[in-house]
file protein-v8.cif (mmCIF, C-alpha atoms)
data_start
loop_
_atom_site.label_atom_id
_atom_site.label_comp_id
_atom_site.auth_asym_id
_atom_site.auth_seq_id
_atom_site.Cartn_x
_atom_site.Cartn_y
_atom_site.Cartn_z
CA MET A 1169 19.07 -2.56 57.26
CA ALA A 1170 17.68 -6.01 56.37
CA ARG A 1171 14.17 -4.55 56.10
CA LEU A 1172 15.43 -1.74 53.85
CA LEU A 1173 17.22 -4.27 51.63
CA SER A 1174 14.10 -6.39 51.47
CA LEU A 1175 11.98 -3.37 50.53
CA PHE A 1176 14.51 -2.35 47.84
CA LEU A 1177 14.51 -5.85 46.32
CA SER A 1178 10.70 -5.89 46.35
CA LEU A 1179 10.53 -2.55 44.54
CA LEU A 1180 13.14 -3.73 42.01
CA SER A 1181 11.08 -6.86 41.39
CA LEU A 1182 7.95 -4.78 40.82
CA THR A 1183 9.85 -2.52 38.41
CA ASP A 1184 11.14 -5.50 36.41
CA SER A 1185 7.66 -7.00 36.42
CA GLY A 1186 6.22 -3.74 35.08
CA ARG A 1187 8.82 -3.61 32.34
CA HIS A 1188 8.04 -7.20 31.40
CA ARG A 1189 4.32 -6.43 31.25
CA ARG A 1190 4.92 -3.40 29.04
CA HIS A 1191 7.09 -5.53 26.73
CA GLU A 1192 4.37 -8.15 26.55
CA GLU A 1193 1.75 -5.48 25.78
CA ALA A 1194 3.97 -4.01 23.03
CA SER A 1195 4.51 -7.45 21.52
CA ARG A 1196 0.73 -7.94 21.33
CA THR A 1197 0.10 -4.64 19.51
CA PRO A 1198 -0.91 -5.48 15.93
CA ALA A 1199 1.59 -4.28 13.34
CA LEU A 1200 0.92 -2.98 9.84
CA PHE A 1201 2.78 -4.40 6.85
CA ILE A 1202 2.36 -2.75 3.45
CA PHE A 1203 2.97 -4.28 0.02
CA GLY A 1204 2.50 -2.78 -3.41
CA ASP A 1205 3.35 0.08 -5.73
CA SER A 1206 3.56 3.88 -5.72
CA THR A 1207 0.02 4.25 -4.35
CA VAL A 1208 1.39 3.20 -0.94
CA ASP A 1209 5.19 3.57 -1.29
CA CYS A 1210 6.63 5.69 1.55
CA GLY A 1211 10.22 5.88 0.35
CA THR A 1212 11.42 2.42 -0.70
CA ASN A 1213 12.74 3.67 -4.03
CA ASN A 1214 15.00 6.19 -2.30
CA PHE A 1215 17.23 3.22 -1.51
CA ILE A 1216 17.43 1.44 -4.88
CA ASN A 1217 18.97 2.19 -8.25
CA THR A 1218 16.11 3.53 -10.33
CA THR A 1219 15.04 6.58 -12.35
CA ASP A 1220 13.24 9.78 -11.37
CA THR A 1221 10.10 8.29 -12.94
CA PHE A 1222 9.92 5.85 -10.04
CA ARG A 1223 11.12 8.23 -7.34
CA ALA A 1224 9.36 11.01 -5.45
CA ASN A 1225 12.12 12.33 -3.21
CA TYR A 1226 12.29 15.76 -4.84
CA PHE A 1227 10.15 18.90 -5.01
CA PRO A 1228 7.17 19.26 -5.26
CA TYR A 1229 6.46 15.82 -3.78
CA GLY A 1230 5.87 16.29 -0.08
CA TYR A 1231 5.67 20.06 -0.40
CA ASN A 1232 2.59 20.63 1.77
CA GLY A 1233 4.80 21.02 4.84
CA TYR A 1234 3.86 17.97 6.91
CA PHE A 1235 7.32 16.52 6.32
CA PRO A 1236 10.39 18.79 6.36
CA ARG A 1237 11.45 17.43 2.95
CA SER A 1238 10.33 15.13 0.16
CA THR A 1239 10.21 11.58 1.52
CA GLY A 1240 9.58 9.44 -1.53
CA ARG A 1241 5.81 9.44 -1.18
CA PHE A 1242 4.01 10.06 -4.48
CA SER A 1243 1.86 12.81 -3.00
CA ASP A 1244 2.10 16.37 -1.75
CA GLY A 1245 2.26 14.90 1.75
CA ARG A 1246 1.14 11.69 3.41
CA VAL A 1247 -0.35 8.58 1.81
CA SER A 1248 -3.08 6.25 3.03
CA PRO A 1249 -0.91 3.84 5.11
CA ASP A 1250 0.27 6.83 7.16
CA PHE A 1251 -3.31 7.67 8.09
CA ILE A 1252 -4.24 4.02 8.69
CA ALA A 1253 -1.32 3.80 11.12
CA GLU A 1254 -2.53 6.96 12.86
CA HIS A 1255 -6.04 5.53 13.25
CA ALA A 1256 -4.53 2.32 14.67
CA LYS A 1257 -2.41 4.38 17.11
CA LEU A 1258 0.80 3.24 15.44
CA PRO A 1259 3.77 5.42 14.47
CA LEU A 1260 4.56 6.07 10.80
CA ILE A 1261 5.56 2.76 9.24
CA PRO A 1262 9.08 3.01 7.74
CA PRO A 1263 10.23 1.54 4.43
CA PHE A 1264 11.90 -1.84 4.87
CA LEU A 1265 15.07 -0.64 3.13
CA GLN A 1266 15.53 2.33 5.49
CA PRO A 1267 18.71 1.74 7.51
CA SER A 1268 18.36 1.35 11.30
CA ALA A 1269 14.56 1.72 11.21
CA ASP A 1270 12.34 0.36 13.99
CA PHE A 1271 10.13 -2.37 12.50
CA SER A 1272 8.40 -3.46 15.71
CA HIS A 1273 5.18 -1.81 14.49
CA GLY A 1274 5.48 -2.98 10.89
CA ALA A 1275 7.28 -2.24 7.63
CA ASN A 1276 6.45 -0.82 4.22
CA PHE A 1277 7.78 -2.92 1.33
CA ALA A 1278 5.89 -1.10 -1.45
CA SER A 1279 7.91 0.16 -4.39
CA GLY A 1280 6.87 2.76 -6.95
CA GLY A 1281 6.54 1.11 -10.36
CA ALA A 1282 6.20 -2.41 -8.96
CA GLY A 1283 3.68 -4.85 -10.32
CA ILE A 1284 2.13 -8.13 -9.32
CA LEU A 1285 4.37 -9.74 -11.96
CA SER A 1286 8.13 -9.73 -11.50
CA THR A 1287 8.62 -8.64 -15.13
CA THR A 1288 6.67 -5.39 -14.80
CA ASN A 1289 8.78 -2.22 -15.02
CA GLN A 1290 12.11 -3.94 -14.53
CA GLY A 1291 13.54 -1.92 -17.41
CA SER A 1292 15.74 -4.66 -18.87
CA SER A 1293 13.50 -5.06 -21.90
CA GLY A 1294 14.10 -1.46 -22.97
CA LEU A 1295 10.52 -1.12 -24.18
CA ILE A 1296 10.49 2.47 -22.94
CA LYS A 1297 13.84 4.16 -23.48
CA LEU A 1298 13.68 6.24 -20.30
CA LEU A 1299 13.09 3.13 -18.17
CA GLU A 1300 15.90 0.96 -19.54
CA ASN A 1301 17.97 1.32 -16.36
CA ALA A 1302 15.05 1.39 -13.93
CA GLN A 1303 14.65 -1.05 -11.09
CA VAL A 1304 11.70 -1.66 -8.83
CA VAL A 1305 11.07 -4.07 -5.96
CA ASP A 1306 8.55 -6.53 -7.39
CA LEU A 1307 5.90 -8.20 -5.26
CA LYS A 1308 7.70 -11.55 -5.01
CA THR A 1309 10.79 -9.79 -3.68
CA GLN A 1310 8.65 -7.82 -1.23
CA LEU A 1311 7.27 -11.09 0.14
CA ASN A 1312 10.79 -12.48 0.54
CA GLN A 1313 11.79 -9.30 2.36
CA PHE A 1314 8.90 -9.82 4.76
CA LYS A 1315 9.97 -13.40 5.44
CA SER A 1316 13.48 -12.30 6.38
CA LEU A 1317 12.17 -9.44 8.52
CA LYS A 1318 9.66 -11.66 10.27
CA ASP A 1319 12.34 -14.00 11.58
CA ASN A 1320 14.62 -11.16 12.67
CA ILE A 1321 12.00 -8.98 14.32
CA THR A 1322 10.35 -11.77 16.31
CA LYS A 1323 13.79 -12.65 17.70
CA GLN A 1324 14.50 -9.00 18.54
CA MET A 1325 11.13 -8.73 20.27
CA GLN A 1326 12.00 -11.92 22.18
CA LEU A 1327 8.78 -13.61 21.15
CA GLY A 1328 8.35 -17.30 21.65
CA SER A 1329 6.78 -19.45 18.96
CA VAL A 1330 3.22 -19.03 20.22
CA GLU A 1331 3.68 -15.31 20.91
CA ALA A 1332 5.08 -14.80 17.40
CA GLN A 1333 2.15 -16.64 15.84
CA THR A 1334 -0.28 -14.54 17.87
CA TRP A 1335 1.43 -11.29 16.86
CA LEU A 1336 1.59 -12.22 13.17
CA GLY A 1337 -2.03 -13.38 13.22
CA SER A 1338 -3.28 -10.16 14.81
CA SER A 1339 -1.26 -7.87 12.51
CA VAL A 1340 -2.70 -6.41 9.29
CA TYR A 1341 -1.29 -6.86 5.77
CA TYR A 1342 -2.14 -4.09 3.31
CA PHE A 1343 -1.88 -4.69 -0.47
CA SER A 1344 -2.22 -1.99 -3.13
CA VAL A 1345 -0.72 -3.40 -6.31
CA GLY A 1346 -1.51 -4.29 -9.92
CA ASN A 1347 -1.82 -0.78 -11.34
CA ASN A 1348 1.41 -1.01 -13.35
CA ASP A 1349 0.83 -4.44 -14.80
CA PHE A 1350 -1.78 -3.56 -17.43
CA PHE A 1351 0.13 -0.83 -19.27
CA ALA A 1352 3.80 -1.54 -18.51
CA GLY A 1353 3.42 -5.28 -17.99
CA TYR A 1354 1.01 -6.03 -20.83
CA LEU A 1355 0.24 -3.41 -23.47
CA LEU A 1356 3.88 -2.24 -23.68
CA ASN A 1357 5.44 -5.69 -23.38
CA ASN A 1358 5.34 -7.46 -26.74
CA GLU A 1359 6.43 -10.80 -25.31
CA ILE A 1360 3.59 -10.88 -22.78
CA LEU A 1361 1.14 -9.40 -25.28
CA GLU A 1362 1.78 -12.26 -27.70
CA LYS A 1363 1.63 -14.90 -24.95
CA TYR A 1364 -1.68 -13.96 -23.30
CA THR A 1365 -5.07 -12.69 -24.35
CA ILE A 1366 -6.32 -9.81 -22.24
CA ASP A 1367 -8.65 -12.15 -20.33
CA GLU A 1368 -5.85 -14.64 -19.70
CA PHE A 1369 -3.59 -11.85 -18.48
CA ARG A 1370 -6.24 -10.57 -16.11
CA GLN A 1371 -6.69 -14.07 -14.68
CA LEU A 1372 -2.91 -14.40 -14.33
CA LEU A 1373 -2.80 -11.27 -12.17
CA VAL A 1374 -5.65 -12.52 -9.98
CA GLU A 1375 -3.95 -15.88 -9.49
CA GLU A 1376 -0.57 -14.33 -8.70
CA LEU A 1377 -1.97 -11.91 -6.11
CA SER A 1378 -4.06 -14.69 -4.58
CA THR A 1379 -0.90 -16.79 -4.33
CA ALA A 1380 0.87 -13.91 -2.58
CA ILE A 1381 -1.90 -13.82 0.03
CA GLN A 1382 -1.55 -17.56 0.55
CA VAL A 1383 2.23 -17.20 0.96
CA LEU A 1384 1.69 -14.70 3.78
CA HIS A 1385 -0.98 -16.92 5.27
CA GLU A 1386 1.59 -19.71 5.49
CA GLU A 1387 3.83 -17.26 7.35
CA GLY A 1388 1.10 -16.60 9.92
CA ALA A 1389 -0.87 -13.70 8.39
CA ARG A 1390 -4.64 -13.79 8.84
CA LYS A 1391 -5.91 -10.22 8.24
CA PHE A 1392 -5.67 -8.43 4.91
CA ILE A 1393 -6.58 -5.14 3.26
CA ILE A 1394 -6.74 -5.55 -0.50
CA THR A 1395 -7.17 -2.49 -2.69
CA SER A 1396 -8.64 -2.69 -6.17
CA LEU A 1397 -6.96 -1.11 -9.15
CA VAL A 1398 -7.22 2.64 -9.58
CA ASP A 1399 -9.45 3.80 -12.43
CA LEU A 1400 -6.77 2.96 -15.01
CA GLY A 1401 -8.62 4.21 -18.06
CA CYS A 1402 -9.43 7.61 -16.52
CA LEU A 1403 -6.04 8.62 -15.13
CA PRO A 1404 -4.85 12.05 -16.26
CA SER A 1405 -1.82 10.23 -17.73
CA VAL A 1406 -4.21 8.36 -20.03
CA ARG A 1407 -6.77 11.07 -20.74
CA THR A 1408 -4.08 13.48 -21.88
CA TYR A 1409 -3.55 11.29 -24.98
CA TYR A 1410 -7.28 10.90 -25.75
CA ASN A 1411 -8.48 14.52 -25.72
CA GLY A 1412 -9.62 14.24 -22.13
CA SER A 1413 -11.62 11.04 -22.62
CA CYS A 1414 -11.17 7.77 -20.76
CA LEU A 1415 -9.62 4.75 -22.53
CA GLU A 1416 -12.36 2.14 -22.78
CA ILE A 1417 -10.14 -0.94 -22.96
CA ALA A 1418 -8.41 0.07 -19.69
CA VAL A 1419 -11.73 0.90 -18.01
CA ASN A 1420 -13.12 -2.52 -18.97
CA PHE A 1421 -9.96 -4.28 -17.80
CA THR A 1422 -10.12 -2.49 -14.45
CA PHE A 1423 -13.72 -3.46 -13.75
CA ALA A 1424 -13.23 -7.08 -14.86
CA TYR A 1425 -10.08 -7.48 -12.75
CA ASN A 1426 -11.73 -5.93 -9.70
CA LEU A 1427 -14.70 -8.30 -9.90
CA ALA A 1428 -12.46 -11.35 -10.31
CA MET A 1429 -10.09 -10.36 -7.49
CA GLU A 1430 -12.89 -9.72 -5.03
CA GLN A 1431 -14.40 -13.12 -5.82
CA SER A 1432 -11.00 -14.71 -5.26
CA LEU A 1433 -10.91 -13.15 -1.78
CA VAL A 1434 -14.32 -14.64 -1.01
CA ASN A 1435 -12.97 -18.03 -2.06
CA LEU A 1436 -9.78 -17.65 -0.04
CA ALA A 1437 -11.70 -16.66 3.08
CA SER A 1438 -13.70 -19.85 2.79
CA ALA A 1439 -10.75 -22.09 1.87
CA ILE A 1440 -7.99 -21.01 4.27
CA GLY A 1441 -9.73 -18.82 6.85
CA ILE A 1442 -8.66 -15.22 6.41
CA SER A 1443 -10.36 -11.97 7.32
CA TYR A 1444 -10.18 -9.24 4.72
CA VAL A 1445 -11.29 -5.79 3.70
CA TRP A 1446 -11.81 -5.23 -0.02
CA PHE A 1447 -11.49 -1.60 -1.02
CA ASP A 1448 -13.08 -0.59 -4.32
CA LEU A 1449 -10.68 2.25 -5.10
CA THR A 1450 -12.12 2.55 -8.61
CA GLY A 1451 -15.58 3.27 -7.23
CA PHE A 1452 -14.14 5.57 -4.56
CA LEU A 1453 -12.36 7.69 -7.18
CA ARG A 1454 -15.35 7.66 -9.54
CA MET A 1455 -17.50 9.16 -6.77
CA ARG A 1456 -15.05 12.05 -6.42
CA MET A 1457 -14.61 12.56 -10.16
CA ASN A 1458 -18.37 12.53 -10.77
CA ASN A 1459 -19.38 14.64 -7.76
CA PRO A 1460 -16.24 16.42 -6.46
CA GLU A 1461 -18.01 19.15 -4.47
CA LYS A 1462 -19.58 16.54 -2.20
CA TYR A 1463 -16.08 15.63 -1.03
CA GLY A 1464 -14.66 19.15 -0.79
CA LEU A 1465 -12.91 18.97 -4.17
CA THR A 1466 -13.20 21.15 -7.26
CA HIS A 1467 -10.77 19.60 -9.77
CA PRO A 1468 -11.97 16.09 -10.66
CA THR A 1469 -9.91 15.35 -13.78
CA ASP A 1470 -6.90 17.67 -14.04
CA ALA A 1471 -3.75 16.98 -12.04
CA CYS A 1472 -2.11 19.55 -9.78
CA CYS A 1473 1.40 18.91 -11.12
CA GLY A 1474 2.53 18.08 -14.64
CA SER A 1475 2.18 19.43 -18.16
CA GLY A 1476 0.02 19.06 -21.24
CA LEU A 1477 -3.73 18.50 -21.32
CA LEU A 1478 -5.08 18.00 -17.76
CA ARG A 1479 -1.41 18.20 -16.66
CA GLY A 1480 -1.45 14.54 -17.60
CA LEU A 1481 2.09 14.27 -18.90
CA ASP A 1482 4.34 12.70 -16.28
CA THR A 1483 6.69 15.65 -15.88
CA CYS A 1484 5.98 16.65 -12.28
CA GLY A 1485 9.13 17.88 -10.59
CA GLY A 1486 10.91 18.24 -13.93
CA LYS A 1487 11.38 14.52 -14.52
CA ASN A 1488 14.09 13.94 -17.11
CA GLY A 1489 14.60 17.69 -17.53
CA SER A 1490 11.02 18.40 -18.57
CA SER A 1491 9.16 21.61 -17.77
CA TYR A 1492 5.98 21.44 -15.69
CA SER A 1493 3.41 23.58 -13.93
CA LEU A 1494 2.22 23.30 -10.34
CA CYS A 1495 -1.10 24.30 -8.81
CA TRP A 1496 -1.31 26.20 -5.51
CA ASP A 1497 -4.26 24.19 -4.14
CA PRO A 1498 -3.59 20.42 -4.27
CA TRP A 1499 -6.23 19.89 -1.57
CA THR A 1500 -8.92 20.64 -4.19
CA HIS A 1501 -7.70 18.00 -6.69
CA VAL A 1502 -8.49 14.31 -7.09
CA TRP A 1503 -5.05 13.92 -8.71
CA PHE A 1504 -1.73 15.34 -7.58
CA ASP A 1505 0.32 14.25 -10.59
CA ALA A 1506 -0.50 12.26 -13.72
CA SER A 1507 -1.28 9.04 -11.82
CA HIS A 1508 -1.33 9.74 -8.07
CA SER A 1509 -3.66 11.46 -5.63
CA PRO A 1510 -2.82 14.23 -3.13
CA GLU A 1511 -2.81 13.90 0.64
CA VAL A 1512 -6.43 15.03 0.98
CA VAL A 1513 -7.65 12.06 -1.07
CA HIS A 1514 -5.35 9.65 0.79
CA GLN A 1515 -6.80 10.94 4.05
CA GLN A 1516 -10.32 10.30 2.75
CA ILE A 1517 -9.24 6.82 1.65
CA ALA A 1518 -7.98 6.00 5.14
CA GLU A 1519 -11.05 7.42 6.88
CA THR A 1520 -13.34 5.47 4.56
CA LEU A 1521 -11.37 2.27 5.12
CA TRP A 1522 -11.17 2.74 8.88
CA GLU A 1523 -14.84 3.43 9.43
CA GLY A 1524 -16.24 1.41 6.50
CA LYS A 1525 -18.21 4.52 5.60
CA ASP A 1526 -19.67 3.41 2.29
CA SER A 1527 -20.14 0.51 -0.10
CA THR A 1528 -16.59 0.77 -1.43
CA VAL A 1529 -15.37 -0.97 1.76
CA ARG A 1530 -16.58 -4.51 2.29
CA PRO A 1531 -17.37 -6.81 4.01
CA THR A 1532 -16.11 -5.03 7.16
CA SER A 1533 -14.09 -1.98 8.21
CA VAL A 1534 -10.37 -1.76 8.86
CA LYS A 1535 -11.17 -0.71 12.43
CA MET A 1536 -12.96 -4.01 12.97
CA LEU A 1537 -10.12 -5.85 11.23
CA PHE A 1538 -7.55 -4.44 13.66
CA HIS A 1539 -9.71 -5.29 16.65
CA GLU A 1540 -10.64 -8.79 15.52
CA ASP A 1541 -8.81 -11.67 17.22
CA ARG A 1542 -7.87 -13.63 14.13
CA HIS A 1543 -5.00 -15.27 16.00
CA MET A 1544 -7.70 -17.40 17.65
CA LEU A 1545 -8.00 -19.37 14.42
CA PRO A 1546 -6.60 -22.92 14.73
CA TYR A 1547 -3.06 -22.15 13.61
CA GLU A 1548 -1.52 -25.54 14.26
CA SER A 1549 -4.08 -27.35 12.11
CA GLN A 1550 -3.02 -25.55 8.94
#
call {"tool": "encode", "arguments": {"input": "protein-v8.cif", "output": "structure tokens"}}
result
Amino acid sequence: MARLLSLFLSLLSLTDSGRHRRHEEASRTPALFIFGDSTVDCGTNNFINTTDTFRANYFPYGYNGYFPRSTGRFSDGRVSPDFIAEHAKLPLIPPFLQPSADFSHGANFASGGAGILSTTNQGSSGLIKLLENAQVVDLKTQLNQFKSLKDNITKQMQLGSVEAQTWLGSSVYYFSVGNNDFFAGYLLNNEILEKYTIDEFRQLLVEELSTAIQVLHEEGARKFIITSLVDLGCLPSVRTYYNGSCLEIAVNFTFAYNLAMEQSLVNLASAIGISYVWFDLTGFLRMRMNNPEKYGLTHPTDACCGSGLLRGLDTCGGKNGSSYSLCWDPWTHVWFDASHSPEVVHQQIAETLWEGKDSTVRPTSVKMLFHEDRHMLPYESQ
């Protein structure tokens, strides 16, 4: 009997040891945290008081069948963070505001309509009548949400101080933001327009996003994906008002901002020791608009869902009671609605980022970023 009891206790000890090892391994798995706007939102705005303009939880969003219903993603299906998570062998990353979600593998804080600046698309100014009552989760609030989650999740995962620092340092922080600031935050905001020249406003955005990266660095982050602006001047939502042509002032702003932001990342890497992937989304989209057949696409400029010229009016899904038309082949389009791409383009974005396939991804790939041991940087000396 004594020998049987001894054997049982030994087996129990081995079982507990195995569980402890699995917990340790799980705690070392890099997480993915996403910040930004509708380009990477996976449902945040389902949980806030906002308008249909900033929501995508109704047909035909999500109608390609991957999800059983519309999820709040501004696409016919998945968006790039979903595919990045798949490549990294992570589950789908839930929105931070989703009740009872599991955040041990990361959280998505991105909010459709959000900008780098807290004043962008908050609706209180009433500059656009339909957006007077709109709310979005601005970038500063997203960062504060991360701070609160970080403390809670590291306690739930029972991570000590060093373990928490290691986990935070090995995790990846994905930014796709700034696309709403130029039009909604600048051109349509008289107060900001009078306060800043276009060059000063561009520099303000670069400084604010750079500050956001530094805030996360102080919280333990070391690895970042930073996406450039979309091709603002050549969106269907812009071209529809200019007889199908691009808006030069927005094109010039996009390229100038992208250059300045990438240089800021170079400076930050040298100054505070971060690893980063810069994704030239403008160049990526230009390649597909200029040579769509190369990428399996046939509709480079017209949206799949909307109304008006190029379906560029933002009426997809009948926003605000508007009529709209819907294509049957979103997988052949660069654009799903007036400002957002379909799942097929998001999948190509993720594959390009993961493998570092072309010059739009630099200076390394997201695969290398996930596998790099940035937590080995001297944390305590910061």
call {"tool": "atom_distance", "arguments": {"input": "protein-v8.cif", "atom1": "atom CA of Gly1489 of chain A", "atom2": "atom CA of Phe1222 of chain A"}}
result
14.8 Å
call {"tool": "atom_distance", "arguments": {"input": "protein-v8.cif", "atom1": "atom CA of Asn1289 of chain A", "atom2": "atom CA of Gln1310 of chain A"}}
result
14.9 Å
call {"tool": "resolve_selection", "arguments": {"input": "protein-v8.cif", "expression": "the PyMOL selection byres ((chain A and resi 1246-1248) around 9)", "output": "PyMOL selection string"}}
result
chain A and resi 1207-1210+1230+1234-1235+1241-1245+1249-1253+1509-1519
call {"tool": "closest_residue", "arguments": {"input": "protein-v8.cif", "among": "A:Leu1477, A:Ala1437, A:Ala1428, A:Ala1471", "to": "Asp1367 of chain A", "atoms": "all atoms listed in the file"}}
result
A:Ala1428
call {"tool": "resolve_selection", "arguments": {"input": "protein-v8.cif", "expression": "the PyMOL selection byres ((chain A and resi 1409) around 12)", "output": "list of chain:residue names"}}
result
A:Gly1401, A:Cys1402, A:Leu1403, A:Pro1404, A:Ser1405, A:Val1406, A:Arg1407, A:Thr1408, A:Tyr1410, A:Asn1411, A:Gly1412, A:Ser1413, A:Cys1414, A:Leu1415, A:Gly1476, A:Leu1477, A:Leu1478, A:Arg1479, A:Gly1480, A:Leu1481, A:Asp1482, A:Ala1506
call {"tool": "closest_residue", "arguments": {"input": "protein-v8.cif", "among": "A:Leu1537, A:Met1325, A:Leu1285, A:Cys1473", "to": "Arg1390 of chain A", "atoms": "all atoms listed in the file"}}
result
A:Leu1537
call {"tool": "atom_distance", "arguments": {"input": "protein-v8.cif", "atom1": "atom CA of Cys1472 of chain A", "atom2": "atom CA of Gly1486 of chain A"}}
result
13.7 Å
call {"tool": "resolve_selection", "arguments": {"input": "protein-v8.cif", "expression": "the PyMOL selection byres ((chain A and resi 1238) around 8)", "output": "list in words"}}
result
Ala1224, Asn1225, Tyr1226, Phe1227, Pro1228, Tyr1229, Gly1230, Tyr1231, Phe1235, Pro1236, Arg1237, Thr1239, Gly1240 and Arg1241 of chain A
call {"tool": "residues_near_point", "arguments": {"input": "protein-v8.cif", "point": "(0.3, 2.6, 15.2)", "cutoff": "9 Å", "atoms": "only C-alpha atoms", "output": "JSON, numbers by chain"}}
result
{"A": [1197, 1198, 1199, 1200, 1252, 1253, 1254, 1255, 1256, 1257, 1258, 1259, 1260, 1261, 1273, 1274]}
call {"tool": "closest_residue", "arguments": {"input": "protein-v8.cif", "among": "A:Ile1442, A:Ile1393, A:Leu1400, A:Leu1465", "to": "Arg1530 of chain A", "atoms": "all atoms listed in the file"}}
result
A:Ile1393
call {"tool": "residues_around", "arguments": {"input": "protein-v8.cif", "residues": "Gln1313 of chain A", "least_positions_apart": "4", "cutoff": "10 Å", "atoms": "all atoms listed in the file", "output": "NGL selection string"}}
result
:A and (1264-1265 or 1275 or 1277 or 1305 or 1307-1309 or 1317-1318)
call {"tool": "residues_near_point", "arguments": {"input": "protein-v8.cif", "point": "(-2.8, -18.2, 0.8)", "cutoff": "12 Å", "atoms": "only C-alpha atoms", "output": "ChimeraX atom specification"}}
result
/A:1375-1392,1432-1433,1435-1443,1550
call {"tool": "closest_atom_pairs", "arguments": {"input": "protein-v8.cif", "of": "segment 1422-1503 of chain A", "to": "segment 1346-1351 of chain A", "cutoff": "12 Å", "atoms": "all atoms listed in the file", "output": "tab-separated table"}}
result
residue	atom	partner	partner_atom	distance
A:Thr1422	CA	A:Phe1350	CA	8.9
A:Tyr1425	CA	A:Gly1346	CA	9.6
A:Asn1426	CA	A:Gly1346	CA	10.4
A:Met1429	CA	A:Gly1346	CA	10.8
A:Leu1449	CA	A:Asn1347	CA	11.3
A:Thr1450	CA	A:Asn1347	CA	11.2
call {"tool": "residues_around", "arguments": {"input": "protein-v8.cif", "residues": "Cys1484 of chain A", "least_positions_apart": "4", "cutoff": "7 Å", "atoms": "all atoms listed in the file", "output": "ChimeraX atom specification"}}
result
/A:1473-1474,1492,1505
call {"tool": "closest_residue", "arguments": {"input": "protein-v8.cif", "among": "A:Phe1271, A:Tyr1354, A:Tyr1341, A:Phe1369", "to": "Gln1324 of chain A", "atoms": "only C-alpha atoms"}}
result
A:Phe1271
call {"tool": "closest_residue", "arguments": {"input": "protein-v8.cif", "among": "A:Asp1319, A:Ser1268, A:Phe1203, A:Leu1427", "to": "Phe1343 of chain A", "atoms": "all atoms listed in the file"}}
result
A:Phe1203
call {"tool": "axis_aligned_box", "arguments": {"input": "protein-v8.cif", "around": "segment 1371-1387 of chain A", "padding_each_side": "8 Å", "output": "AutoDock Vina command-line options"}}
result
--center_x -1.4 --center_y -15.5 --center_z -3.7 --size_x 26.5 --size_y 24.4 --size_z 38.0
call {"tool": "closest_residue", "arguments": {"input": "protein-v8.cif", "among": "A:Val1534, A:Ala1332, A:Leu1355, A:Ile1216", "to": "Ile1417 of chain A", "atoms": "all atoms listed in the file"}}
result
A:Leu1355
